[in-house]
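Peer 1: One file is attached below, protein.tsv, containing TSV, C-alpha atoms.
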chain	number	residue	atom	x	y	z
A	1	LYS	CA	-30.02	-99.46	-1.74
A	2	ALA	CA	-31.53	-97.51	-4.61
A	3	PHE	CA	-28.33	-97.91	-6.55
A	4	ARG	CA	-28.38	-101.69	-6.04
A	5	ALA	CA	-32.01	-101.94	-7.10
A	6	LEU	CA	-31.27	-99.90	-10.19
A	7	PHE	CA	-28.26	-102.03	-11.01
A	8	ARG	CA	-30.30	-105.27	-10.65
A	9	SER	CA	-33.10	-103.97	-12.86
A	10	MET	CA	-30.62	-103.00	-15.53
A	11	GLN	CA	-28.93	-106.37	-15.27
A	12	GLU	CA	-32.23	-108.18	-15.75
A	13	SER	CA	-33.15	-106.00	-18.72
A	14	MET	CA	-29.81	-106.66	-20.36
A	15	ARG	CA	-30.21	-110.38	-19.71
A	16	SER	CA	-33.65	-110.38	-21.32
A	17	MET	CA	-32.27	-108.45	-24.30
A	18	TRP	CA	-29.45	-110.94	-24.58
A	19	THR	CA	-31.88	-113.85	-24.49
A	20	SER	CA	-34.36	-112.43	-27.01
A	21	PHE	CA	-32.14	-110.64	-29.55
A	22	LEU	CA	-28.54	-111.75	-29.35
A	23	ARG	CA	-28.49	-115.29	-28.07
A	24	ARG	CA	-29.93	-117.10	-31.07
A	25	PRO	CA	-27.97	-115.30	-33.88
A	26	ILE	CA	-24.67	-115.63	-32.25
A	27	GLU	CA	-25.23	-118.90	-30.42
A	28	GLY	CA	-23.18	-120.75	-32.93
A	29	LYS	CA	-20.32	-118.28	-32.67
A	30	LEU	CA	-20.35	-118.23	-28.88
A	31	ARG	CA	-19.75	-121.94	-28.88
A	32	THR	CA	-16.41	-121.21	-30.47
A	33	PHE	CA	-15.57	-118.60	-27.79
A	34	GLY	CA	-17.12	-120.55	-24.95
A	35	PRO	CA	-14.00	-120.63	-22.75
A	36	PHE	CA	-13.73	-116.79	-22.87
A	37	LEU	CA	-17.36	-116.02	-22.09
A	38	PRO	CA	-16.95	-115.68	-18.27
A	39	ILE	CA	-14.16	-113.14	-18.78
A	40	PHE	CA	-16.25	-111.07	-21.21
A	41	SER	CA	-19.17	-111.23	-18.84
A	42	PHE	CA	-17.03	-109.96	-15.95
A	43	TYR	CA	-15.64	-106.96	-17.91
A	44	PHE	CA	-19.06	-106.10	-19.24
A	45	LYS	CA	-20.55	-106.06	-15.77
A	46	LEU	CA	-17.67	-103.94	-14.46
A	47	THR	CA	-18.03	-101.41	-17.27
A	48	SER	CA	-21.76	-101.20	-16.79
A	49	PHE	CA	-21.28	-100.71	-13.07
A	50	ILE	CA	-18.82	-97.82	-13.61
A	51	ILE	CA	-21.11	-96.11	-16.13
A	52	LEU	CA	-24.13	-96.39	-13.87
A	53	PHE	CA	-22.13	-95.14	-10.89
A	54	LEU	CA	-20.96	-92.04	-12.79
A	55	MET	CA	-24.49	-91.32	-14.01
A	56	ALA	CA	-25.90	-91.61	-10.51
A	57	TYR	CA	-23.14	-89.41	-9.04
A	58	ASN	CA	-23.68	-86.72	-11.67
A	59	ARG	CA	-27.44	-86.66	-11.02
A	60	LYS	CA	-26.85	-86.37	-7.29
A	61	GLN	CA	-24.53	-83.37	-7.79
A	62	GLN	CA	-27.09	-81.65	-10.00
A	63	GLU	CA	-29.79	-82.10	-7.37
A	64	MET	CA	-27.53	-80.66	-4.66
A	65	SER	CA	-26.48	-77.56	-6.75
A	66	PRO	CA	-28.81	-74.47	-6.36
A	67	SER	CA	-28.27	-73.38	-9.96
A	68	ALA	CA	-29.40	-76.74	-11.24
A	69	SER	CA	-32.83	-76.31	-9.76
A	70	PRO	CA	-35.41	-75.62	-12.47
A	71	ILE	CA	-37.35	-73.42	-10.04
A	72	LYS	CA	-35.55	-70.20	-9.16
A	73	LYS	CA	-35.75	-69.32	-5.55
A	74	LYS	CA	-36.87	-65.82	-4.67
A	75	SER	CA	-34.14	-63.62	-3.15
A	76	LYS	CA	-34.70	-62.77	0.44
A	77	PRO	CA	-35.26	-59.06	1.27
A	78	PRO	CA	-32.22	-57.46	2.96
A	79	THR	CA	-32.43	-57.35	6.69
A	80	THR	CA	-31.52	-54.42	8.94
A	81	ASP	CA	-28.19	-55.99	9.76
A	82	ASP	CA	-27.39	-56.35	6.06
A	83	MET	CA	-28.23	-52.68	5.44
A	84	VAL	CA	-26.16	-51.59	8.43
A	85	ASP	CA	-23.23	-53.68	7.22
A	86	LYS	CA	-23.54	-52.22	3.73
A	87	MET	CA	-23.67	-48.66	5.09
A	88	ALA	CA	-20.71	-49.36	7.34
A	89	ASN	CA	-18.73	-50.65	4.36
A	90	THR	CA	-19.66	-47.54	2.33
A	91	VAL	CA	-18.70	-45.21	5.18
A	92	ALA	CA	-15.43	-47.06	5.63
A	93	HIS	CA	-14.73	-46.70	1.91
A	94	PHE	CA	-15.38	-42.94	2.03
A	95	GLU	CA	-13.28	-42.65	5.17
A	96	ASP	CA	-10.39	-44.22	3.31
A	97	ILE	CA	-10.85	-41.77	0.43
A	98	LEU	CA	-11.09	-38.76	2.76
A	99	ARG	CA	-8.10	-39.92	4.76
A	100	THR	CA	-6.07	-40.17	1.56
A	101	GLU	CA	-7.17	-36.71	0.38
A	102	LEU	CA	-6.54	-35.13	3.79
A	103	THR	CA	-3.08	-36.64	3.88
A	104	ALA	CA	-2.30	-35.16	0.47
A	105	MET	CA	-3.70	-31.77	1.53
A	106	ARG	CA	-1.72	-31.89	4.77
A	107	ASN	CA	1.49	-32.55	2.85
A	108	GLU	CA	0.75	-29.73	0.40
A	109	PHE	CA	-0.11	-27.34	3.26
A	110	ALA	CA	3.13	-28.25	5.00
A	111	SER	CA	5.09	-27.41	1.84
A	112	HIS	CA	3.26	-24.06	1.55
A	113	MET	CA	3.88	-23.32	5.22
A	114	SER	CA	7.59	-23.84	4.73
A	115	VAL	CA	7.54	-21.28	1.91
A	116	VAL	CA	5.51	-18.85	4.05
A	117	GLN	CA	7.90	-19.26	6.96
A	118	SER	CA	10.85	-18.50	4.72
A	119	LEU	CA	9.06	-15.40	3.41
A	120	CYS	CA	8.23	-14.32	6.96
A	121	SER	CA	11.86	-14.66	7.97
A	122	LYS	CA	12.91	-12.58	4.96
A	123	LEU	CA	10.24	-10.00	5.82
A	124	ASP	CA	11.50	-9.81	9.40
A	125	LEU	CA	15.01	-9.31	8.09
A	126	LEU	CA	13.89	-6.56	5.73
A	127	THR	CA	11.85	-4.93	8.50
A	128	GLY	CA	14.89	-4.89	10.76
A	129	GLU	CA	17.04	-3.41	8.01
A	130	MET	CA	14.36	-0.81	7.27
A	131	ARG	CA	14.19	0.09	10.95
A	132	GLU	CA	17.95	0.59	11.01
A	133	GLN	CA	17.78	2.66	7.83
A	134	LYS	CA	15.06	4.82	9.35
A	135	LYS	CA	17.28	5.46	12.34
A	136	VAL	CA	20.15	6.40	10.03
A	137	VAL	CA	17.88	8.68	7.97
A	138	ALA	CA	16.49	10.29	11.12
A	139	ASP	CA	20.03	10.89	12.37
A	140	HIS	CA	20.97	12.42	9.01
A	141	ASP	CA	17.85	14.60	9.11
A	142	ARG	CA	18.84	15.87	12.55
A	143	ARG	CA	22.34	16.60	11.32
A	144	VAL	CA	21.03	18.38	8.21
A	145	ALA	CA	18.62	20.43	10.33
A	146	ALA	CA	21.46	21.34	12.69
A	147	LEU	CA	23.68	22.31	9.75
A	148	GLU	CA	20.89	24.39	8.21
A	149	GLN	CA	20.41	26.15	11.51
A	150	GLN	CA	24.13	26.80	11.67
A	151	VAL	CA	24.08	28.21	8.14
A	152	VAL	CA	21.15	30.47	9.00
A	153	ASP	CA	22.92	31.57	12.16
A	154	LEU	CA	26.09	32.28	10.21
A	155	GLN	CA	24.14	34.30	7.65
A	156	ASP	CA	22.40	36.23	10.41
A	157	ARG	CA	25.67	36.87	12.17
A	158	ASN	CA	27.24	37.91	8.88
A	159	ARG	CA	24.41	40.38	8.24
A	160	ARG	CA	23.90	41.67	11.75
A	161	SER	CA	26.46	44.42	11.17
A	162	ASN	CA	24.81	45.64	7.93
A	163	LEU	CA	23.17	49.04	7.61
A	164	ARG	CA	21.11	50.44	4.77
A	165	LEU	CA	20.85	54.01	3.58
A	166	VAL	CA	17.53	54.76	1.90
A	167	GLY	CA	17.20	57.85	-0.28
A	168	LEU	CA	20.89	58.51	-0.86
A	169	PRO	CA	21.16	60.17	-4.29
A	170	GLU	CA	22.71	58.12	-7.05
A	171	GLY	CA	26.40	58.83	-7.63
A	172	SER	CA	27.00	60.46	-4.26
A	173	GLU	CA	29.57	57.80	-3.33
A	174	LYS	CA	31.33	58.08	-6.71
A	175	ASP	CA	34.11	55.48	-7.02
A	176	ASP	CA	34.92	55.16	-3.30
A	177	PRO	CA	31.78	53.98	-1.43
A	178	MET	CA	33.70	52.91	1.71
A	179	GLY	CA	35.57	56.20	1.99
A	180	PHE	CA	32.36	58.09	1.31
A	181	VAL	CA	30.62	56.38	4.23
A	182	LYS	CA	33.51	57.03	6.62
A	183	ARG	CA	33.67	60.71	5.68
A	184	SER	CA	29.92	61.27	5.73
A	185	LEU	CA	28.97	59.58	9.01
A	186	SER	CA	30.36	62.40	11.16
A	187	THR	CA	28.63	64.93	8.90
A	188	TRP	CA	25.25	63.22	8.98
A	189	LEU	CA	25.49	62.32	12.66
A	190	PRO	CA	27.52	64.92	14.60
A	191	SER	CA	27.54	62.78	17.74
A	192	LEU	CA	29.83	60.32	15.91
A	193	ALA	CA	32.58	62.91	15.44
A	194	GLY	CA	35.90	61.52	16.62
A	195	LYS	CA	34.66	57.90	16.57
A	196	GLU	CA	36.79	55.41	14.67
A	197	ILE	CA	34.26	53.34	12.73
A	198	GLU	CA	35.63	50.68	10.41
A	199	VAL	CA	33.66	49.75	7.29
A	200	GLU	CA	34.35	46.39	5.63
A	201	ARG	CA	32.46	46.97	2.38
A	202	ALA	CA	29.79	49.20	0.87
A	203	HIS	CA	27.71	49.04	-2.33
A	204	ARG	CA	24.34	49.63	-3.87
A	205	VAL	CA	21.81	46.81	-3.54
A	206	TYR	CA	20.86	46.54	-7.20
A	207	THR	CA	23.19	46.58	-10.17
A	208	ARG	CA	20.74	48.14	-12.65
A	209	LEU	CA	20.27	51.88	-12.39
A	210	SER	CA	16.76	53.09	-11.76
A	211	SER	CA	15.21	55.18	-14.55
A	212	ASP	CA	13.64	57.40	-11.91
A	213	ARG	CA	16.43	59.46	-10.33
A	214	ALA	CA	14.04	60.50	-7.56
A	215	LYS	CA	14.06	56.87	-6.35
A	216	PRO	CA	17.71	55.98	-5.86
A	217	ARG	CA	18.81	52.47	-5.11
A	218	VAL	CA	19.38	51.41	-1.52
A	219	PHE	CA	22.94	51.85	-0.33
A	220	ILE	CA	24.18	49.13	2.04
A	221	PHE	CA	27.41	48.95	4.01
A	222	LYS	CA	28.84	46.40	6.44
A	223	LEU	CA	30.61	47.42	9.63
A	224	LEU	CA	33.41	45.50	11.26
A	225	ARG	CA	31.84	45.59	14.73
A	226	TYR	CA	28.23	45.16	15.74
A	227	THR	CA	28.63	47.80	18.46
A	228	ASP	CA	29.38	50.41	15.78
A	229	ARG	CA	26.08	49.54	14.09
A	230	GLU	CA	24.14	50.08	17.31
A	231	LEU	CA	26.00	53.34	17.88
A	232	ILE	CA	25.04	54.62	14.42
A	233	LEU	CA	21.38	53.64	14.88
A	234	ARG	CA	21.14	55.45	18.22
A	235	ALA	CA	22.73	58.54	16.69
A	236	ALA	CA	20.32	58.39	13.72
A	237	ARG	CA	17.32	58.34	16.06
A	238	LEU	CA	18.83	61.24	17.99
A	239	HIS	CA	19.45	63.45	14.94
A	240	ALA	CA	16.38	62.43	12.88
A	241	PRO	CA	15.63	63.35	10.20
A	242	VAL	CA	19.07	62.86	8.73
A	243	LYS	CA	20.02	65.17	5.84
A	244	THR	CA	22.64	64.51	3.21
A	245	SER	CA	24.98	67.15	1.80
A	246	ASP	CA	22.56	68.02	-1.02
A	247	GLY	CA	19.66	68.55	1.37
A	248	ALA	CA	17.94	65.19	0.85
A	249	THR	CA	16.39	63.70	3.95
A	250	THR	CA	15.66	60.16	5.04
A	251	LEU	CA	12.47	59.04	6.64
A	252	ASN	CA	12.37	58.77	10.39
A	253	ILE	CA	10.99	55.26	10.90
A	254	THR	CA	10.54	53.50	14.21
A	255	ILE	CA	9.52	49.84	14.19
A	256	LEU	CA	7.16	49.07	17.06
A	257	ASP	CA	6.16	45.48	16.49
A	258	LYS	CA	5.98	42.71	13.91
A	259	GLY	CA	4.14	39.41	13.65
A	260	CYS	CA	2.09	37.03	11.54
A	261	ASP	CA	-0.90	34.71	11.70
A	262	THR	CA	-0.71	31.01	12.53
A	263	ASP	CA	-0.45	29.93	8.86
A	264	GLY	CA	2.12	32.56	7.92
A	265	ARG	CA	-0.10	33.94	5.15
A	266	ILE	CA	-0.53	37.33	6.85
A	267	THR	CA	2.46	39.32	8.20
A	268	HIS	CA	2.61	42.84	9.58
A	269	ILE	CA	5.05	45.49	10.83
A	270	LYS	CA	3.79	48.27	13.11
A	271	THR	CA	5.82	51.46	12.69
A	272	ILE	CA	5.90	55.17	13.39
A	273	VAL	CA	6.85	57.07	10.24
A	274	GLU	CA	7.31	60.83	10.76
A	275	ASN	CA	5.04	60.71	13.82
A	276	ARG	CA	2.32	58.75	12.00
A	277	ASN	CA	1.21	55.27	13.10
A	278	ILE	CA	1.37	53.07	10.03
A	279	VAL	CA	1.10	49.30	9.84
A	280	PHE	CA	2.46	47.53	6.78
A	281	ILE	CA	0.65	44.26	6.03
A	282	SER	CA	1.54	41.57	3.51
A	283	VAL	CA	-1.09	39.00	2.50
A	284	TYR	CA	-0.88	35.85	0.37
A	285	ALA	CA	-4.27	34.17	-0.05
A	286	PRO	CA	-4.67	30.44	-0.84
A	287	CYS	CA	-4.49	29.49	-4.51
A	288	THR	CA	-7.76	27.57	-4.36
A	289	PRO	CA	-10.89	29.59	-3.50
A	290	ASP	CA	-11.27	29.68	0.29
A	291	PRO	CA	-13.93	32.12	1.58
A	292	THR	CA	-12.98	31.46	5.21
A	293	PHE	CA	-9.56	33.07	4.63
A	294	PHE	CA	-11.11	36.49	4.04
A	295	SER	CA	-13.09	36.18	7.26
A	296	VAL	CA	-9.80	35.52	9.07
A	297	LEU	CA	-8.23	38.52	7.29
A	298	SER	CA	-11.10	40.81	8.36
A	299	THR	CA	-10.65	39.75	11.98
A	300	TYR	CA	-6.88	40.24	11.69
A	301	LEU	CA	-7.27	43.81	10.36
A	302	LEU	CA	-9.50	44.80	13.27
A	303	LYS	CA	-6.44	44.68	15.56
A	304	PHE	CA	-4.99	47.76	13.83
A	305	SER	CA	-7.85	50.21	14.29
A	306	ASP	CA	-5.40	52.85	15.66
A	307	PHE	CA	-3.06	52.58	12.66
A	308	GLU	CA	-3.16	53.59	9.06
A	309	ILE	CA	-3.03	50.42	6.97
A	310	VAL	CA	-0.80	49.90	3.96
A	311	LEU	CA	-1.68	46.48	2.58
A	312	GLY	CA	0.05	44.65	-0.24
A	313	ALA	CA	-1.58	41.37	-1.16
A	314	ASP	CA	-1.92	38.57	-3.63
A	315	MET	CA	-5.58	37.76	-2.99
A	316	ASN	CA	-5.98	35.13	-5.74
A	317	SER	CA	-9.44	36.60	-6.13
A	318	VAL	CA	-11.01	39.69	-7.71
A	319	MET	CA	-13.35	42.42	-6.60
A	320	SER	CA	-15.45	42.05	-9.76
A	321	HIS	CA	-15.37	39.16	-12.16
A	322	THR	CA	-16.68	41.34	-14.98
A	323	LEU	CA	-14.13	44.16	-14.61
A	324	ASP	CA	-11.06	42.33	-13.32
A	325	ARG	CA	-11.10	39.03	-15.18
A	326	SER	CA	-11.57	37.80	-18.73
A	327	GLY	CA	-12.12	34.11	-19.07
A	328	PRO	CA	-14.58	31.34	-18.30
A	329	LYS	CA	-17.70	31.80	-16.29
A	330	GLU	CA	-17.23	32.49	-12.60
A	331	SER	CA	-17.77	29.46	-10.37
A	332	HIS	CA	-19.86	29.51	-7.21
A	333	SER	CA	-16.80	29.35	-4.92
A	334	GLN	CA	-15.09	32.19	-6.83
A	335	ALA	CA	-18.20	34.36	-6.58
A	336	PHE	CA	-18.42	33.65	-2.85
A	337	CYS	CA	-14.73	34.62	-2.40
A	338	SER	CA	-15.33	37.86	-4.31
A	339	ASP	CA	-18.23	38.72	-1.97
A	340	LYS	CA	-16.05	38.03	1.08
A	341	LEU	CA	-13.20	40.13	-0.36
A	342	ARG	CA	-15.49	43.12	-0.97
A	343	LEU	CA	-16.86	42.79	2.57
A	344	CYS	CA	-13.30	42.70	3.97
A	345	VAL	CA	-12.27	45.83	2.02
A	346	THR	CA	-15.40	47.68	3.12
A	347	SER	CA	-15.11	46.75	6.81
A	348	ALA	CA	-11.44	47.87	6.98
A	349	SER	CA	-12.08	51.05	4.92
A	350	LEU	CA	-9.45	50.01	2.37
A	351	VAL	CA	-9.03	51.54	-1.07
A	352	ASP	CA	-8.20	49.25	-3.99
A	353	SER	CA	-5.45	50.99	-5.93
Have the structure of the file written as structure tokens, please.
Peer 2:
Amino acid sequence: KAFRALFRSMQESMRSMWTSFLRRPIEGKLRTFGPFLPIFSFYFKLTSFIILFLMAYNRKQQEMSPSASPIKKKSKPPTTDDMVDKMANTVAHFEDILRTELTAMRNEFASHMSVVQSLCSKLDLLTGEMREQKKVVADHDRRVAALEQQVVDLQDRNRRSNLRLVGLPEGSEKDDPMGFVKRSLSTWLPSLAGKEIEVERAHRVYTRLSSDRAKPRVFIFKLLRYTDRELILRAARLHAPVKTSDGATTLNITILDKGCDTDGRITHIKTIVENRNIVFISVYAPCTPDPTFFSVLSTYLLKFSDFEIVLGADMNSVMSHTLDRSGPKESHSQAFCSDKLRLCVTSASLVDS
């Protein structure tokens, strides 16, 4: 209805304009085109109608569009549902990111685990081989220990028939030591007269002659049978002291006992030498200062109160730092060891020679 009213008003205005402005000037010309006037009028009305229709349609679209409104509408504040939806979308986005990262990490961890499993398998293989090698080495160690024991046993068996002559003057055997022993045994030990004793070899222990003729080298000889050795020892104890052809005598020594401490640093041999009880003690002290060792030594010496003590030792310490040592200042541990050593010597009535 509004469109029709608008169209009628425009038609009337155009008609009035035609009557007032255009009719009179061109009235003469229109008479010439009189037959065509209805056609022109129809096309003019149609064109005007189309133009007005398009203008009205465009205005209607502008009124219906929100952006065309000259007054901007205020934005509504977000509701709780909108905020929840937004948070849900954000959480979903982060979940997607985390899921992607976790998938990548899982794949990388799986690749590392495959490498670790291969290394573990190799380690198990090496451990098994090492276990087998340890068994082989242990078996070899047992065999070596058995062979060493056999060698020691062979050496002991080879030496069990040996005898030593101490104090035999140098040169007594001349160039025939074996013959000298065979001839002299019955002279030294009359109870062996008529015994057939076979000697395998005989010689002096050391090759270099001693400068002191009063201390001849030890003469050692090996017998063929162990029973002959025992026979000679029993005869020597029976005829002690034994005298050689030039009047020299040998010491009459009887070994009573021998032993050592738990660490093997102190060893002793209890003997009877010419009816005197003598204990021979060998001592090797620790290289580093150890005062407790001298306390152990003092206790060890108390066991031989009925014997005369002959002690040979490497104490790795001194009685007096001023008299027995030239060098840097004495440390506290060295001074303490020296005090313990002096106490040990005093308690056992030893003489430092």
Peer 1: Which residue is closest to A:Leu302? Choose from A:Met113, A:Val345, A:Ala202, A:Leu102 and count only C-alpha atoms.
Peer 2: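 Selected residue with least distance to A:Leu302: A:Val345.
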Peer 1: As JSON, what would the box around stretch 106-120 of chain A look like: edges along x, y and z, 8 Å added on every side, centre and edge lengths in Å to one decimal?
Peer 2:
{"center_x": 4.6, "center_y": -23.4, "center_z": 3.7, "size_x": 28.6, "size_y": 34.2, "size_z": 22.6}
Peer 1: Rank nothing, just name the residue among A:Thr254, A:His203, A:Ser349, A:Ser161 nearest to A:Glu230, using all atoms listed in the file.
Peer 2: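 Using all atoms listed in the file, the shortest distance to A:Glu230 belongs to A:Ser161.
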Peer 1: For A:Arg342, find every residue with an atom within 12 Å (counting only C-alpha atoms), except residues of its own chain fewer than 2 positions away, and show them as a PyMOL selection string.
Peer 2: chain A and resi 291+294-295+297-298+315+317-321+335-340+344-352
Peer 1: One number please: atom CA of A:Tyr206 to atom CA of A:Val218, in Å, one decimal.
Peer 2: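 Taking atom CA of A:Tyr206 and atom CA of A:Val218, their separation equals 7.6 Å.
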Peer 1: In Å, with one decimal, what is the gap from atom CA of A:Asp314 to atom CA of A:Arg217?
Peer 2: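 About the pair atom CA of A:Asp314 and atom CA of A:Arg217: they are 25.0 Å apart.
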Peer 1: Please measure the separation of atom CA of A:Gly194 and atom CA of A:His239, giving the value in Å to one decimal.
Peer 2: 16.6 Å
Peer 1: Set the distance at 10 Å and use only C-alpha atoms: which residues neighbour A:Pro190 once local chain neighbours fewer than 6 positions away are removed? I'd like the list as JSON, numbers by chain.
Peer 2: {"A": [184, 235, 236, 239]}
Peer 1: Name all residues at most 10 Å from A:Ile232 (count all atoms listed in the file; drop same-chain ones fewer than 6 positions away) and give them as a list in words.
Peer 2: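 Listed by chain and then number, they are Leu163, Leu185, Ser186, Leu189, Ser191, Leu192, Ile197 and Leu238 of chain A.
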Peer 1: Go through A:Cys260, A:Thr79, A:Ala193, A:Ile220 and flag the residue nearest A:Glu173, using only C-alpha atoms for the distances.
Peer 2: A:Ile220
Peer 1: Within 7 Å of A:Val310, counting all atoms listed in the file, which residues qualify if same-chain residues fewer than 6 places away don't, as a short mmCIF file (atom, residue, chain, number, x, y, z; two decimals) with C-alpha atoms, in the coordinates of the input?
Peer 2:
data_model
loop_
_atom_site.label_atom_id
_atom_site.label_comp_id
_atom_site.auth_asym_id
_atom_site.auth_seq_id
_atom_site.Cartn_x
_atom_site.Cartn_y
_atom_site.Cartn_z
CA VAL A 279 1.10 49.30 9.84
CA PHE A 280 2.46 47.53 6.78
CA ILE A 281 0.65 44.26 6.03
#
Peer 1: A:Gly167, A:Gly264, A:Gly259, A:Pro177: which is nearest A:Lys222, counting only C-alpha atoms?
Peer 2: A:Pro177
Peer 1: Nearest residue to A:Leu224 out of A:Arg201, A:Lys329, A:Arg143, A:Lys134, using all atoms listed in the file?
Peer 2: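 Closest to A:Leu224, using all atoms listed in the file: A:Arg201.
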